[in-house]
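Novice: Okay, handing you the structure first.
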Amino acid sequence: MTRLRKTLATLLFCGASSFGHAAETAICYNCPPEWADWGTQLQAIAADTGVKVPLDNKNSGQALAQLVAERAAPMADVVYYGVTFGLQAQNAGVVGTYKPKGWDDIPAGLKDPDGHWFAIHSGTLGIMVNVDALGGLPVPQSWADLLKPEYKGMVGYLDPSSAFVGYVSAVAINRAMGGDLEDFTPAIDYFKKLAGNSPIVPKQTAYARVLSGELPILVDYDFNAYRARYKDQANVAFVIPTEGSISVPYVMSVVDNAPHRANAEKVLDFVLSDQGQALWANAYLRPVRPVQMPAEVAARFLPASDYARAGVVDYQKMAAVQEAFAARYLKEVR
């Protein structure tokens with residue numbers, strides 16, 4: 001039965017017309033083409049390694065939930081998620097260990113010592129704005145601005161109870177409003193106030209909705225905003241709120257008992273290779289390895305003085321309190 005499920009999963013995800021394709025497949029949970037330019041990364045993986053990785057639009061929480069549900073018969077080979085979900089996956093026992101090529105270049109705090117997860121890049125949270133969709137309103141510069149009545153129905157943030165970027169939003173806002181990881185009351189109060197402004201709260205990346213103007217303002221990362229502006233030529237601005245924000249890493253793991261383990265290792269080796277890291281840099285992400293960001297790309301970032309408003313937090317503690325925050329958010333805000 002286990003073999004049958006794995007075979008069916010391979011056919012479902014990769015659309016293979018014969019079993020011969022399965023050996024060249026690796027299933028990744030949470031590799032959306034419109035997020036962090038995964039589309040380009042997966043094309044490069046296929047070209048360099050011959051391993052095809054189908055697109056997958058889960059968010060971090062959905063990916064972890066699927067891994068747990070499939071624990072007895074895993075269908076995925078690798079998984080990409082925010083760092084707190086990597087820690088939770090390790091605790092849940094659904095990921096294996098692997099130290100990919102380039103492992104030694106990853107700073108100690110950005111990898112599990114045994115290889116259960118490791119960072120591949122990071123981003124800074126802020127406010128992504130489709131300027132043309134504002135109808136002449138000024139670009140908001142602060143978390144407080146998003147509460148103003150003139151932005152009613154224009155503001156979006158991803159679901160903090162499911163998507164990692166949503167939880168990062170909560171941590172950043174909470175910190176900016178004077179809270180800490182022991183007490184999320186400032187963030188809960190903020191989301192309650194924002195609820196009065198009719199926010200849009202999707203579960204998955206809303207990148208395309210910002211570009212279309214359907215969602216003029218989205219709490220999101222710098223790399224998505226820069227990609228929108230400089231690659232997709234949209235009139236998009238990025239703001240690090242005056243009250244402050246945070247920067248966070250995204251990590252990957254090999255799934256425990258991955259059905260295509262050898263291919264999984266090729267994928268993980270590639271995303272940390274010089275070529276893979278350069279692709280992340282070209283997509284405006286901060287590579288985890290010391291790969292030089294092209295000067296023309298670096299020049300498009302906000303000034304260092306703006307990034308000085310973005311700090312870091314204790315990611316282990318952030319992971320430990322995530323479920324409690326999610327439960328409180330669902331109870332008091334949603």
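Chain identifiers are assigned as A, B, and so on, following the order in which chains appear in the structure tokens; residues are numbered from 1 within each chain, and ligands are numbered from 1 in order of appearance.
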Give me the residues within 6 Å of Gly126 (chain A) as a PyMOL selection string, counting only C-alpha atoms and dropping any in the same chain fewer than 6 places off.
Specialist: chain A and resi 219-221+239-240
Novice: For the residues in the current selection, export N, CA, C and O atoms as a PDB file, in the first residue's frame.
Specialist:
ATOM      1  N   VAL A 219       1.435  43.409   3.549  1.00  0.00           N
ATOM      2  CA  VAL A 219       2.562  43.203   4.455  1.00  0.00           C
ATOM      3  C   VAL A 219       3.347  42.007   3.919  1.00  0.00           C
ATOM      4  O   VAL A 219       2.838  40.886   3.881  1.00  0.00           O
ATOM      5  N   ASP A 220       4.557  42.255   3.472  1.00  0.00           N
ATOM      6  CA  ASP A 220       5.319  41.213   2.779  1.00  0.00           C
ATOM      7  C   ASP A 220       6.810  41.536   2.868  1.00  0.00           C
ATOM      8  O   ASP A 220       7.209  42.513   3.502  1.00  0.00           O
ATOM      9  N   TYR A 221       7.623  40.727   2.193  1.00  0.00           N
ATOM     10  CA  TYR A 221       9.067  40.876   2.266  1.00  0.00           C
ATOM     11  C   TYR A 221       9.617  41.810   1.199  1.00  0.00           C
ATOM     12  O   TYR A 221       9.017  42.007   0.143  1.00  0.00           O
ATOM     13  N   VAL A 239       8.417  49.687   1.908  1.00  0.00           N
ATOM     14  CA  VAL A 239       8.642  50.539   3.071  1.00  0.00           C
ATOM     15  C   VAL A 239       8.944  49.672   4.287  1.00  0.00           C
ATOM     16  O   VAL A 239       8.218  48.707   4.564  1.00  0.00           O
ATOM     17  N   ILE A 240      10.010  49.975   4.988  1.00  0.00           N
ATOM     18  CA  ILE A 240      10.249  49.380   6.309  1.00  0.00           C
ATOM     19  C   ILE A 240       9.640  50.347   7.314  1.00  0.00           C
ATOM     20  O   ILE A 240      10.091  51.489   7.431  1.00  0.00           O
TER      21      ILE A 240
END
Novice: Select from region 221-280 of chain A everything DSSP, run on the backbone, classes as strand (DSSP E or B), then give the selection as a list in words.
Specialist: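 For region 221-280 of chain A, the strand (DSSP E or B) set is Tyr221, Val236, Ala237, Phe238, Val239, Ser245, Ile246, Ser247, Val248, Pro249, Tyr250, Val251, Met252, Ser253, Val254 and Val255 of chain A.
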Novice: Would you mind telling me which residue in A:Met154, A:Val53, A:Val333, A:Leu211 lies nearest to Pro33 (chain A) when using only C-alpha atoms?
Specialist: A:Val53
Novice: Compile the contact shell of Gln62 (chain A) as a list in words: residues with an atom at most 10 Å away, counting only C-alpha atoms, same-chain residues fewer than 4 positions apart removed.
Specialist: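 Everything that qualifies: Tyr29, Asn30, Asn57, Lys58, Gln66, Leu67, Val68, Tyr81, Ser162, Ala163, Lys203 and Gln204 of chain A.
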Novice: Using only C-alpha atoms, can you tell me which of A:Gly179, A:Pro54, A:Pro241, A:Gly61 comes closest to Ser161 (chain A)?
Specialist: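 Looking at the shortest contact to Ser161 (chain A), the residue is A:Gly61.
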Novice: Within 8 Å of Lys52 (chain A), counting only C-alpha atoms, which residues show up once you throw out same-chain ones fewer than 2 positions away? Write them as JSON, numbers by chain, please.
Specialist: {"A": [14, 24, 25, 26, 42, 45, 46, 50, 54]}
Novice: Can those selected residues be exported to a file as a PDB file, in the first residue's frame so that it contains N, CA, C and O atoms?
Specialist:
ATOM      1  N   CYS A  14       3.884  15.222 -10.692  1.00  0.00           N
ATOM      2  CA  CYS A  14       4.764  15.566 -11.803  1.00  0.00           C
ATOM      3  C   CYS A  14       4.125  15.323 -13.156  1.00  0.00           C
ATOM      4  O   CYS A  14       4.703  15.646 -14.191  1.00  0.00           O
ATOM      5  N   GLU A  24      13.569  10.917 -11.907  1.00  0.00           N
ATOM      6  CA  GLU A  24      14.095  12.257 -12.130  1.00  0.00           C
ATOM      7  C   GLU A  24      13.226  13.315 -11.461  1.00  0.00           C
ATOM      8  O   GLU A  24      13.256  14.474 -11.837  1.00  0.00           O
ATOM      9  N   THR A  25      12.476  12.906 -10.472  1.00  0.00           N
ATOM     10  CA  THR A  25      11.555  13.808  -9.798  1.00  0.00           C
ATOM     11  C   THR A  25      11.910  13.944  -8.321  1.00  0.00           C
ATOM     12  O   THR A  25      12.363  13.000  -7.695  1.00  0.00           O
ATOM     13  N   ALA A  26      11.706  15.147  -7.792  1.00  0.00           N
ATOM     14  CA  ALA A  26      11.744  15.364  -6.352  1.00  0.00           C
ATOM     15  C   ALA A  26      10.549  16.239  -6.012  1.00  0.00           C
ATOM     16  O   ALA A  26      10.324  17.266  -6.656  1.00  0.00           O
ATOM     17  N   LEU A  42      13.632  26.572  -9.747  1.00  0.00           N
ATOM     18  CA  LEU A  42      13.288  25.200 -10.119  1.00  0.00           C
ATOM     19  C   LEU A  42      13.673  24.890 -11.559  1.00  0.00           C
ATOM     20  O   LEU A  42      14.073  23.762 -11.878  1.00  0.00           O
ATOM     21  N   ILE A  45      17.340  24.155 -11.388  1.00  0.00           N
ATOM     22  CA  ILE A  45      17.582  22.829 -10.809  1.00  0.00           C
ATOM     23  C   ILE A  45      17.414  21.746 -11.865  1.00  0.00           C
ATOM     24  O   ILE A  45      18.245  20.838 -11.997  1.00  0.00           O
ATOM     25  N   ALA A  46      16.350  21.851 -12.650  1.00  0.00           N
ATOM     26  CA  ALA A  46      16.100  20.861 -13.702  1.00  0.00           C
ATOM     27  C   ALA A  46      17.203  20.878 -14.746  1.00  0.00           C
ATOM     28  O   ALA A  46      17.691  19.821 -15.194  1.00  0.00           O
ATOM     29  N   GLY A  50      18.941  17.674 -13.774  1.00  0.00           N
ATOM     30  CA  GLY A  50      18.014  16.744 -14.417  1.00  0.00           C
ATOM     31  C   GLY A  50      16.848  16.365 -13.541  1.00  0.00           C
ATOM     32  O   GLY A  50      15.972  15.597 -13.936  1.00  0.00           O
ATOM     33  N   PRO A  54       8.129  19.733  -9.250  1.00  0.00           N
ATOM     34  CA  PRO A  54       6.854  20.387  -9.569  1.00  0.00           C
ATOM     35  C   PRO A  54       6.581  21.569  -8.649  1.00  0.00           C
ATOM     36  O   PRO A  54       7.007  21.594  -7.492  1.00  0.00           O
TER      37      PRO A  54
END
Novice: Determine which residues of region 7-232 of chain A DSSP labels as helix (DSSP H, G or I) from the backbone of this structure, then write them out as a PyMOL selection string.
Specialist: chain A and resi 7-14+19-24+38-49+60-69+83-92+103-105+108-110+131-134+144-147+149-151+164-176+185-195+207-212+222-230
Novice: Please provide the set of residues having any atom within 9 Å of region 274-281 of chain A, restricted to only C-alpha atoms, with same-chain residues fewer than 3 positions apart removed, written as a list of chain:residue names.
Specialist: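 Everything that qualifies: A:Ala36, A:Asp37, A:Trp38, A:Thr40, A:Gln41, A:Ala44, A:Ile45, A:Gly102, A:Ile120, A:His121, A:Asp269, A:Phe270, A:Val271, A:Tyr284, A:Leu285, A:Arg286, A:Pro287, A:Val288, A:Arg289, A:Pro290, A:Val291, A:Gln292, A:Met293, A:Pro294, A:Val297, A:Ala298.
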Novice: Excluding Ala326 (chain A) and its own-chain neighbours fewer than 2 positions away, which residues fall within 12 Å of it when counting only C-alpha atoms? Please give them as a list in words.
Specialist: Gly61, Asp159, Pro160, Ser161, Ser162, Ala163, Phe164, Gly166, Tyr167, Val168, Ala170, Val171, Phe184, Ala187, Ile188, Met318, Ala319, Ala320, Val321, Gln322, Glu323, Ala324, Arg328, Tyr329, Leu330, Lys331, Glu332, Val333 and Arg334 of chain A
Novice: Extract, using only C-alpha atoms, all DNA, RNA and protein residues at most 9 Å from Gly196 (chain A), discarding same-chain residues fewer than 5 positions from it, and format them as a list in words.
Specialist: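 Once the nearby chain positions are removed, what remains is Leu147, Pro149, Lys152 and Phe191 of chain A.
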Novice: Pick the closest to Gln316 (chain A) from A:Val83, A:Val95, A:Ala133, A:Val155: which is it, counting only C-alpha atoms?
Specialist: A:Val83
Novice: Which of these residues is nearest to Phe325 (chain A), using only C-alpha atoms: A:Asp105, A:Glu182, A:Asp114, A:Glu243?
Specialist: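 Comparing A:Asp105, A:Glu182, A:Asp114, A:Glu243 against Phe325 (chain A), the winner is A:Glu182.
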Novice: For the atom pair CA of Ala176 (chain A) and CA of Val313 (chain A), what is the interatomic distance in Å to one decimal place?
Specialist: 12.2 Å
